[in-house]
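Chemist: input-v3.cif is reproduced below (mmCIF, C-alpha atoms, pLDDT in the B column; chains and numbers go by the auth columns).
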```cif
data_upload
loop_
_atom_site.group_PDB
_atom_site.id
_atom_site.type_symbol
_atom_site.label_atom_id
_atom_site.label_comp_id
_atom_site.label_asym_id
_atom_site.label_seq_id
_atom_site.Cartn_x
_atom_site.Cartn_y
_atom_site.Cartn_z
_atom_site.B_iso_or_equiv
_atom_site.auth_seq_id
_atom_site.auth_asym_id
ATOM 1 C CA MET A 1 75.585 110.146 109.763 41.00 10 A
ATOM 2 C CA ARG A 2 79.352 110.581 109.709 43.00 11 A
ATOM 3 C CA SER A 3 80.047 112.117 106.330 44.00 12 A
ATOM 4 C CA GLU A 4 83.732 111.192 106.349 56.00 13 A
ATOM 5 C CA VAL A 5 82.892 107.451 106.145 59.00 14 A
ATOM 6 C CA ALA A 6 80.608 105.689 103.691 60.00 15 A
ATOM 7 C CA ALA A 7 79.665 102.067 103.053 63.00 16 A
ATOM 8 C CA ILE A 8 79.695 101.292 99.353 64.00 17 A
ATOM 9 C CA PRO A 9 78.469 97.804 98.516 61.00 18 A
ATOM 10 C CA GLY A 10 77.907 97.126 94.854 55.00 19 A
ATOM 11 C CA THR A 11 75.663 94.873 92.913 49.00 20 A
ATOM 12 C CA SER A 12 77.164 92.752 90.234 47.00 21 A
ATOM 13 C CA ALA A 13 73.980 91.211 88.926 45.00 22 A
ATOM 14 C CA ASN A 14 70.370 91.935 88.333 41.00 23 A
ATOM 15 C CA ASP A 15 67.419 89.752 89.259 39.00 24 A
ATOM 16 C CA SER A 16 68.016 87.271 86.467 41.00 25 A
ATOM 17 C CA ASP A 17 68.744 83.585 86.791 39.00 26 A
ATOM 18 C CA ARG A 18 72.431 84.479 87.337 39.00 27 A
ATOM 19 C CA VAL A 19 71.748 86.235 90.639 37.00 28 A
ATOM 20 C CA HIS A 20 74.626 87.449 92.794 43.00 29 A
ATOM 21 C CA LYS A 21 73.974 86.742 96.487 44.00 30 A
ATOM 22 C CA VAL A 22 74.757 90.292 97.596 43.00 31 A
ATOM 23 C CA SER A 23 72.706 91.915 94.858 52.00 32 A
ATOM 24 C CA SER A 24 69.370 90.737 96.162 67.00 33 A
ATOM 25 C CA GLU A 25 67.106 93.287 97.738 75.00 34 A
ATOM 26 C CA ALA A 26 67.562 91.418 101.035 77.00 35 A
ATOM 27 C CA GLY A 27 71.367 91.665 100.718 77.00 36 A
ATOM 28 C CA LYS A 28 71.173 95.356 99.892 82.00 37 A
ATOM 29 C CA ALA A 29 68.837 95.972 102.852 86.00 38 A
ATOM 30 C CA ALA A 30 71.161 94.048 105.184 85.00 39 A
ATOM 31 C CA ALA A 31 74.162 96.116 104.050 85.00 40 A
ATOM 32 C CA GLU A 32 72.187 99.320 104.522 89.00 41 A
ATOM 33 C CA LYS A 33 71.148 98.195 108.021 91.00 42 A
ATOM 34 C CA VAL A 34 74.754 97.492 109.059 89.00 43 A
ATOM 35 C CA ALA A 35 75.874 100.882 107.712 88.00 44 A
ATOM 36 C CA SER A 36 73.119 102.511 109.778 91.00 45 A
ATOM 37 C CA GLU A 37 74.174 100.553 112.878 91.00 46 A
ATOM 38 C CA ALA A 38 77.748 101.757 112.337 87.00 47 A
ATOM 39 C CA GLY A 39 76.542 105.337 111.900 88.00 48 A
ATOM 40 C CA ILE A 40 77.952 105.708 108.407 86.00 49 A
ATOM 41 C CA ASP A 41 76.447 106.763 105.109 86.00 50 A
ATOM 42 C CA PHE A 42 75.223 104.058 102.747 87.00 51 A
ATOM 43 C CA VAL A 43 75.940 104.515 99.055 86.00 52 A
ATOM 44 C CA TYR A 44 74.807 101.920 96.526 85.00 53 A
ATOM 45 C CA LYS A 45 76.330 101.498 93.087 85.00 54 A
ATOM 46 C CA ASN A 46 75.186 99.078 90.410 86.00 55 A
ATOM 47 C CA VAL A 47 78.254 97.655 88.657 88.00 56 A
ATOM 48 C CA HIS A 48 76.417 94.784 86.959 87.00 57 A
ATOM 49 C CA GLU A 49 77.614 95.376 83.404 90.00 58 A
ATOM 50 C CA GLU A 50 81.234 95.990 84.370 92.00 59 A
ATOM 51 C CA PHE A 51 81.237 92.958 86.688 92.00 60 A
ATOM 52 C CA TYR A 52 79.791 90.550 84.133 91.00 61 A
ATOM 53 C CA GLY A 53 81.866 91.922 81.260 93.00 62 A
ATOM 54 C CA THR A 54 85.081 91.670 83.246 94.00 63 A
ATOM 55 C CA VAL A 55 84.768 89.050 85.981 94.00 64 A
ATOM 56 C CA VAL A 56 82.106 86.549 84.931 93.00 65 A
ATOM 57 C CA ASP A 57 83.155 86.455 81.278 94.00 66 A
ATOM 58 C CA ASN A 58 86.770 85.859 82.369 95.00 67 A
ATOM 59 C CA PHE A 59 85.625 83.108 84.752 95.00 68 A
ATOM 60 C CA CYS A 60 83.727 81.309 81.974 94.00 69 A
ATOM 61 C CA THR A 61 86.548 81.678 79.438 95.00 70 A
ATOM 62 C CA GLU A 62 89.175 80.374 81.867 96.00 71 A
ATOM 63 C CA TYR A 63 87.012 77.492 83.078 93.00 72 A
ATOM 64 C CA ILE A 64 86.091 76.379 79.555 94.00 73 A
ATOM 65 C CA SER A 65 89.788 76.595 78.583 96.00 74 A
ATOM 66 C CA GLY A 66 90.692 74.143 81.350 95.00 75 A
ATOM 67 C CA ARG A 67 92.267 76.708 83.658 96.00 76 A
ATOM 68 C CA THR A 68 91.210 77.356 87.251 93.00 77 A
ATOM 69 C CA PRO A 69 89.774 80.875 87.421 93.00 78 A
ATOM 70 C CA ASN A 70 90.056 83.107 90.465 92.00 79 A
ATOM 71 C CA PRO A 71 87.334 85.730 90.036 93.00 80 A
ATOM 72 C CA CYS A 72 88.303 87.738 93.120 90.00 81 A
ATOM 73 C CA ILE A 73 91.737 88.606 91.775 91.00 82 A
ATOM 74 C CA VAL A 74 90.087 89.821 88.570 94.00 83 A
ATOM 75 C CA CYS A 75 87.318 91.710 90.378 93.00 84 A
ATOM 76 C CA ASN A 76 89.414 93.492 92.992 92.00 85 A
ATOM 77 C CA PRO A 77 91.520 95.702 90.676 94.00 86 A
ATOM 78 C CA ASN A 78 89.036 95.981 87.822 95.00 87 A
ATOM 79 C CA VAL A 79 85.703 96.446 89.579 93.00 88 A
ATOM 80 C CA LYS A 80 85.640 96.493 93.388 92.00 89 A
ATOM 81 C CA PHE A 81 88.560 98.747 94.283 93.00 90 A
ATOM 82 C CA LYS A 82 88.281 100.729 91.074 94.00 91 A
ATOM 83 C CA THR A 83 84.709 101.625 92.078 92.00 92 A
ATOM 84 C CA LEU A 84 85.715 102.369 95.674 91.00 93 A
ATOM 85 C CA THR A 85 88.626 104.563 94.588 94.00 94 A
ATOM 86 C CA GLU A 86 86.492 106.474 92.088 93.00 95 A
ATOM 87 C CA TYR A 87 83.850 107.143 94.733 91.00 96 A
ATOM 88 C CA ALA A 88 86.442 108.140 97.346 92.00 97 A
ATOM 89 C CA ASP A 89 87.932 110.583 94.841 94.00 98 A
ATOM 90 C CA HIS A 90 84.447 111.899 94.044 92.00 99 A
ATOM 91 C CA ILE A 91 83.770 112.773 97.693 89.00 100 A
ATOM 92 C CA GLY A 92 87.323 113.965 98.390 92.00 101 A
ATOM 93 C CA ALA A 93 88.282 111.053 100.643 91.00 102 A
ATOM 94 C CA TYR A 94 91.796 109.657 100.548 93.00 103 A
ATOM 95 C CA TYR A 95 91.483 106.439 102.564 93.00 104 A
ATOM 96 C CA ILE A 96 89.654 103.247 101.628 91.00 105 A
ATOM 97 C CA ALA A 97 88.829 100.772 104.398 90.00 106 A
ATOM 98 C CA THR A 98 88.532 97.089 103.633 87.00 107 A
ATOM 99 C CA GLY A 99 87.524 94.107 105.723 87.00 108 A
ATOM 100 C CA HIS A 100 90.310 91.902 104.388 89.00 109 A
ATOM 101 C CA TYR A 101 92.616 90.356 106.967 91.00 110 A
ATOM 102 C CA GLY A 102 95.979 91.908 106.167 92.00 111 A
ATOM 103 C CA SER A 103 97.807 95.218 106.268 93.00 112 A
ATOM 104 C CA SER A 104 99.278 97.715 103.870 94.00 113 A
ATOM 105 C CA CYS A 105 102.892 98.702 104.508 95.00 114 A
ATOM 106 C CA TYR A 106 105.334 101.159 103.049 96.00 115 A
ATOM 107 C CA ASP A 107 108.954 100.188 102.362 97.00 116 A
ATOM 108 C CA GLU A 108 111.223 103.234 102.360 97.00 117 A
ATOM 109 C CA LYS A 109 114.103 101.318 100.757 97.00 118 A
ATOM 110 C CA THR A 110 112.079 100.445 97.670 96.00 119 A
ATOM 111 C CA ASN A 111 109.768 103.451 97.898 97.00 120 A
ATOM 112 C CA SER A 112 106.767 101.179 97.455 96.00 121 A
ATOM 113 C CA TRP A 113 103.636 99.916 99.176 96.00 122 A
ATOM 114 C CA TYR A 114 102.861 96.248 99.655 94.00 123 A
ATOM 115 C CA ILE A 115 100.287 93.990 101.278 94.00 124 A
ATOM 116 C CA ARG A 116 101.338 91.947 104.307 94.00 125 A
ATOM 117 C CA ARG A 117 99.484 89.133 106.030 93.00 126 A
ATOM 118 C CA GLY A 118 97.586 90.026 109.176 92.00 127 A
ATOM 119 C CA LYS A 119 97.770 88.155 112.480 93.00 128 A
ATOM 120 C CA ASN A 120 94.892 85.820 111.610 91.00 129 A
ATOM 121 C CA LEU A 121 96.709 83.427 109.287 91.00 130 A
ATOM 122 C CA LYS A 122 93.648 81.168 109.014 90.00 131 A
ATOM 123 C CA LYS A 123 91.740 84.019 107.369 88.00 132 A
ATOM 124 C CA ASP A 124 94.638 85.410 105.334 87.00 133 A
ATOM 125 C CA GLN A 125 93.271 87.203 102.276 84.00 134 A
ATOM 126 C CA THR A 126 96.343 89.025 101.046 88.00 135 A
ATOM 127 C CA TYR A 127 96.560 86.854 97.932 87.00 136 A
ATOM 128 C CA MET A 128 93.239 88.359 96.825 88.00 137 A
ATOM 129 C CA LEU A 129 94.806 91.815 96.754 91.00 138 A
ATOM 130 C CA TYR A 130 98.147 91.187 95.027 89.00 139 A
ATOM 131 C CA ARG A 131 97.081 92.696 91.688 92.00 140 A
ATOM 132 C CA LEU A 132 96.151 96.063 93.142 95.00 141 A
ATOM 133 C CA PRO A 133 98.277 99.027 92.070 95.00 142 A
ATOM 134 C CA GLN A 134 100.384 101.118 94.441 94.00 143 A
ATOM 135 C CA GLU A 135 97.884 103.979 94.219 95.00 144 A
ATOM 136 C CA VAL A 136 95.208 101.792 95.818 96.00 145 A
ATOM 137 C CA ILE A 137 97.336 99.945 98.393 96.00 146 A
ATOM 138 C CA SER A 138 98.687 103.254 99.706 96.00 147 A
ATOM 139 C CA ARG A 139 95.129 104.336 100.539 95.00 148 A
ATOM 140 C CA PHE A 140 94.138 101.236 102.534 93.00 149 A
ATOM 141 C CA LEU A 141 92.941 101.171 106.094 93.00 150 A
ATOM 142 C CA MET A 142 92.731 97.539 107.196 92.00 151 A
ATOM 143 C CA PRO A 143 91.177 97.430 110.669 92.00 152 A
ATOM 144 C CA LEU A 144 91.220 93.615 110.905 92.00 153 A
ATOM 145 C CA GLU A 145 95.010 93.344 110.513 93.00 154 A
ATOM 146 C CA ASN A 146 95.727 92.776 114.232 94.00 155 A
ATOM 147 C CA LEU A 147 92.804 90.495 115.051 94.00 156 A
ATOM 148 C CA GLU A 148 93.972 86.941 115.618 92.00 157 A
ATOM 149 C CA THR A 149 90.699 85.028 115.222 92.00 158 A
ATOM 150 C CA LYS A 150 87.345 85.319 113.494 91.00 159 A
ATOM 151 C CA ASP A 151 85.761 84.855 116.932 93.00 160 A
ATOM 152 C CA GLU A 152 87.509 88.053 118.051 94.00 161 A
ATOM 153 C CA THR A 153 86.123 89.878 115.028 93.00 162 A
ATOM 154 C CA ARG A 154 82.629 88.571 115.744 94.00 163 A
ATOM 155 C CA ARG A 155 82.876 89.554 119.424 96.00 164 A
ATOM 156 C CA ILE A 156 83.811 93.130 118.522 94.00 165 A
ATOM 157 C CA ALA A 157 80.933 93.319 116.033 93.00 166 A
ATOM 158 C CA ASP A 158 78.543 91.784 118.578 94.00 167 A
ATOM 159 C CA ASP A 159 79.671 94.217 121.298 95.00 168 A
ATOM 160 C CA ALA A 160 79.014 97.067 118.863 93.00 169 A
ATOM 161 C CA GLY A 161 75.491 95.758 118.261 93.00 170 A
ATOM 162 C CA MET A 162 76.075 94.860 114.619 92.00 171 A
ATOM 163 C CA SER A 163 73.318 92.650 113.211 92.00 172 A
ATOM 164 C CA ASN A 164 75.780 90.744 111.006 90.00 173 A
ATOM 165 C CA ALA A 165 78.110 89.736 113.867 91.00 174 A
ATOM 166 C CA HIS A 166 77.254 86.052 113.513 90.00 175 A
ATOM 167 C CA GLN A 167 76.571 85.928 109.790 87.00 176 A
ATOM 168 C CA LYS A 168 77.936 82.868 108.021 83.00 177 A
ATOM 169 C CA ASP A 169 81.287 83.415 106.306 79.00 178 A
ATOM 170 C CA SER A 170 81.221 83.697 102.544 73.00 179 A
ATOM 171 C CA GLN A 171 83.208 80.805 101.114 69.00 180 A
ATOM 172 C CA GLU A 172 81.986 80.399 97.581 74.00 181 A
ATOM 173 C CA ILE A 173 82.046 82.352 94.353 84.00 182 A
ATOM 174 C CA CYS A 174 79.791 85.333 94.921 83.00 183 A
ATOM 175 C CA PHE A 175 77.996 85.241 91.572 84.00 184 A
ATOM 176 C CA ILE A 176 76.914 81.606 91.725 83.00 185 A
ATOM 177 C CA PRO A 177 73.940 81.153 94.073 79.00 186 A
ATOM 178 C CA ASP A 178 74.047 78.325 96.618 77.00 187 A
ATOM 179 C CA ASP A 179 71.462 76.326 94.678 82.00 188 A
ATOM 180 C CA ARG A 180 73.418 76.490 91.399 84.00 189 A
ATOM 181 C CA THR A 181 76.654 74.981 90.060 84.00 190 A
ATOM 182 C CA TYR A 182 79.424 76.184 87.771 83.00 191 A
ATOM 183 C CA LEU A 183 77.779 74.264 84.933 84.00 192 A
ATOM 184 C CA ASP A 184 74.571 76.261 85.366 85.00 193 A
ATOM 185 C CA LEU A 185 76.579 79.420 84.781 83.00 194 A
ATOM 186 C CA LEU A 186 78.581 78.071 81.861 83.00 195 A
#
```
Output the structure of this file as structure tokens.

Modeler:
Amino acid sequence: MRSEVAAIPGTSANDSDRVHKVSSEAGKAAAEKVASEAGIDFVYKNVHEEFYGTVVDNFCTEYISGRTPNPCIVCNPNVKFKTLTEYADHIGAYYIATGHYGSSCYDEKTNSWYIRRGKNLKKDQTYMLYRLPQEVISRFLMPLENLETKDETRRIADDAGMSNAHQKDSQEICFIPDDRTYLDLL
């Protein structure tokens, strides 16, 4: 395996009735398989308590208060990229790669980093990253920034022999299973 690159999926739930889609054993195995196909190390970290205490509790509080929650913008700085940055620091890696469609850019005039939309405007995900601090944005590698369509992304993955090349896009809240509703969680 290439030691300079590692795949680090996390689990945000356990096998309770509030199961996170990615946290299932099948989801973990699929992530491990893709990491193997890419020739990179697979590292697994359970962030269940942090995720529920930060993201899910916030989601429930906001929803019950009549506000529309956006769990991804809470998760990204407080759980996902915090965990990735801590692990990168632990292994002495500077860069963090993400599959978001966008790019990180440096502005010399303001001496600051910012997130810019990628070429695929239909899959723009920059709004999910706006709360990240400069220290994280400056470390981003965003390989999807110049891809114009999801079909192009899938073709590249298919050509590389990746088993997830034609996997259905995730569109829903990750911690509410397909057979459940918001009310089941609340």

Chemist: Each residue of range 64-148 of chain A lying at most 12 Å from range 157-169 of chain A should get a row with its shortest atom-to-atom pair and the distance in Å to one decimal, counting only C-alpha atoms; could you produce that, ordered by chain and increasing number, as JSON lines?

Modeler:
```
{"residue": "A:Gly108", "atom": "CA", "partner": "A:Thr162", "partner_atom": "CA", "distance": 10.3}
{"residue": "A:His109", "atom": "CA", "partner": "A:Thr162", "partner_atom": "CA", "distance": 11.6}
{"residue": "A:Tyr110", "atom": "CA", "partner": "A:Glu157", "partner_atom": "CA", "distance": 9.4}
{"residue": "A:Gly111", "atom": "CA", "partner": "A:Glu157", "partner_atom": "CA", "distance": 10.9}
{"residue": "A:Arg126", "atom": "CA", "partner": "A:Glu157", "partner_atom": "CA", "distance": 11.3}
{"residue": "A:Gly127", "atom": "CA", "partner": "A:Glu157", "partner_atom": "CA", "distance": 8.0}
{"residue": "A:Lys128", "atom": "CA", "partner": "A:Glu157", "partner_atom": "CA", "distance": 5.1}
{"residue": "A:Asn129", "atom": "CA", "partner": "A:Glu157", "partner_atom": "CA", "distance": 4.3}
{"residue": "A:Leu130", "atom": "CA", "partner": "A:Glu157", "partner_atom": "CA", "distance": 7.7}
{"residue": "A:Lys131", "atom": "CA", "partner": "A:Thr158", "partner_atom": "CA", "distance": 7.9}
{"residue": "A:Lys132", "atom": "CA", "partner": "A:Lys159", "partner_atom": "CA", "distance": 7.6}
{"residue": "A:Asp133", "atom": "CA", "partner": "A:Glu157", "partner_atom": "CA", "distance": 10.4}
```

Chemist: Measuring atom to atom with all atoms listed in the file, identify which of A:Ser172, A:Ser147, A:Phe184, A:Thr94 is nearest to Ala38 in chain A.

Modeler: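 Comparing A:Ser172, A:Ser147, A:Phe184, A:Thr94 against Ala38 in chain A, the winner is A:Ser172.
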
Chemist: Hey, can you pull every residue with an atom no more than 10 Å from (78.8, 102.2, 114.3), using all atoms listed in the file, and send it as a PyMOL selection string?

Modeler: chain A and resi 10-11+43-49+166+169-171

Chemist: Let me see the file: selected residues, C-alpha atoms, as a PDB file, keeping the file's coordinate frame.

Modeler:
```pdb
ATOM      1  CA  MET A  10      75.585 110.146 109.763  1.00 41.00           C
ATOM      2  CA  ARG A  11      79.352 110.581 109.709  1.00 43.00           C
ATOM      3  CA  VAL A  43      74.754  97.492 109.059  1.00 89.00           C
ATOM      4  CA  ALA A  44      75.874 100.882 107.712  1.00 88.00           C
ATOM      5  CA  SER A  45      73.119 102.511 109.778  1.00 91.00           C
ATOM      6  CA  GLU A  46      74.174 100.553 112.878  1.00 91.00           C
ATOM      7  CA  ALA A  47      77.748 101.757 112.337  1.00 87.00           C
ATOM      8  CA  GLY A  48      76.542 105.337 111.900  1.00 88.00           C
ATOM      9  CA  ILE A  49      77.952 105.708 108.407  1.00 86.00           C
ATOM     10  CA  ALA A 166      80.933  93.319 116.033  1.00 93.00           C
ATOM     11  CA  ALA A 169      79.014  97.067 118.863  1.00 93.00           C
ATOM     12  CA  GLY A 170      75.491  95.758 118.261  1.00 93.00           C
ATOM     13  CA  MET A 171      76.075  94.860 114.619  1.00 92.00           C
TER      14      MET A 171
END
```

Chemist: Neighbourhood query: residues within 12 Å of (94.5, 95.2, 94.1), file coordinates, counting all atoms listed in the file; return as an NGL selection string.

Modeler: :A and (81-94 or 107 or 109 or 113 or 122-124 or 134-149)

Chemist: Run through the PyMOL selection byres ((chain A and resi 192) around 12) on the given coordinates and return the selected residues as number ranges by chain.

Modeler: A: 27, 68-69, 72-73, 185, 188-191, 193-195

Chemist: Record the distance separating CA of Glu34 in chain A and CA of Thr63 in chain A, expressed in Å with one decimal.

Modeler: 23.1 Å

Chemist: Which residue gives the smallest distance to Tyr103 in chain A among A:Val56, A:Leu150, A:Val64, A:Ala39, with only C-alpha atoms counted?

Modeler: A:Leu150

Chemist: Measure the distance from CA of Cys183 in chain A to CA of Gly36 in chain A in Å and round it to one decimal.

Modeler: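 Pair CA of Cys183 in chain A / CA of Gly36 in chain A returns 12.0 Å.
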
Chemist: So that all listed atoms of range 114-131 of chain A fit with 6 Å spare on each side, what axis-aligned box centre and edge lengths in Å, to one decimal, would you give as lines of an AutoDock Vina configuration file?

Modeler:
```
center_x = 103.9
center_y = 92.3
center_z = 105.0
size_x = 32.5
size_y = 34.3
size_z = 27.0
```

Chemist: What separation in Å, quoted to one decimal, exists between CA of Gln176 in chain A and CA of Leu156 in chain A?

Modeler: 17.7 Å

Chemist: Would you translate the PyMOL selection byres ((chain A and resi 151) around 6) into the concrete set of residues it matches in this file, as a list in words?

Modeler: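 On this input, the PyMOL selection byres ((chain A and resi 151) around 6) captures Ala106, Thr107, Ser112, Leu150, Pro152, Leu153 and Glu154 of chain A.
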
Chemist: Find the residue from A:Val52, A:Ile105, A:Val65, A:Ala40 that sits nearest to Pro78 in chain A; use only C-alpha atoms when measuring.

Modeler: A:Val65
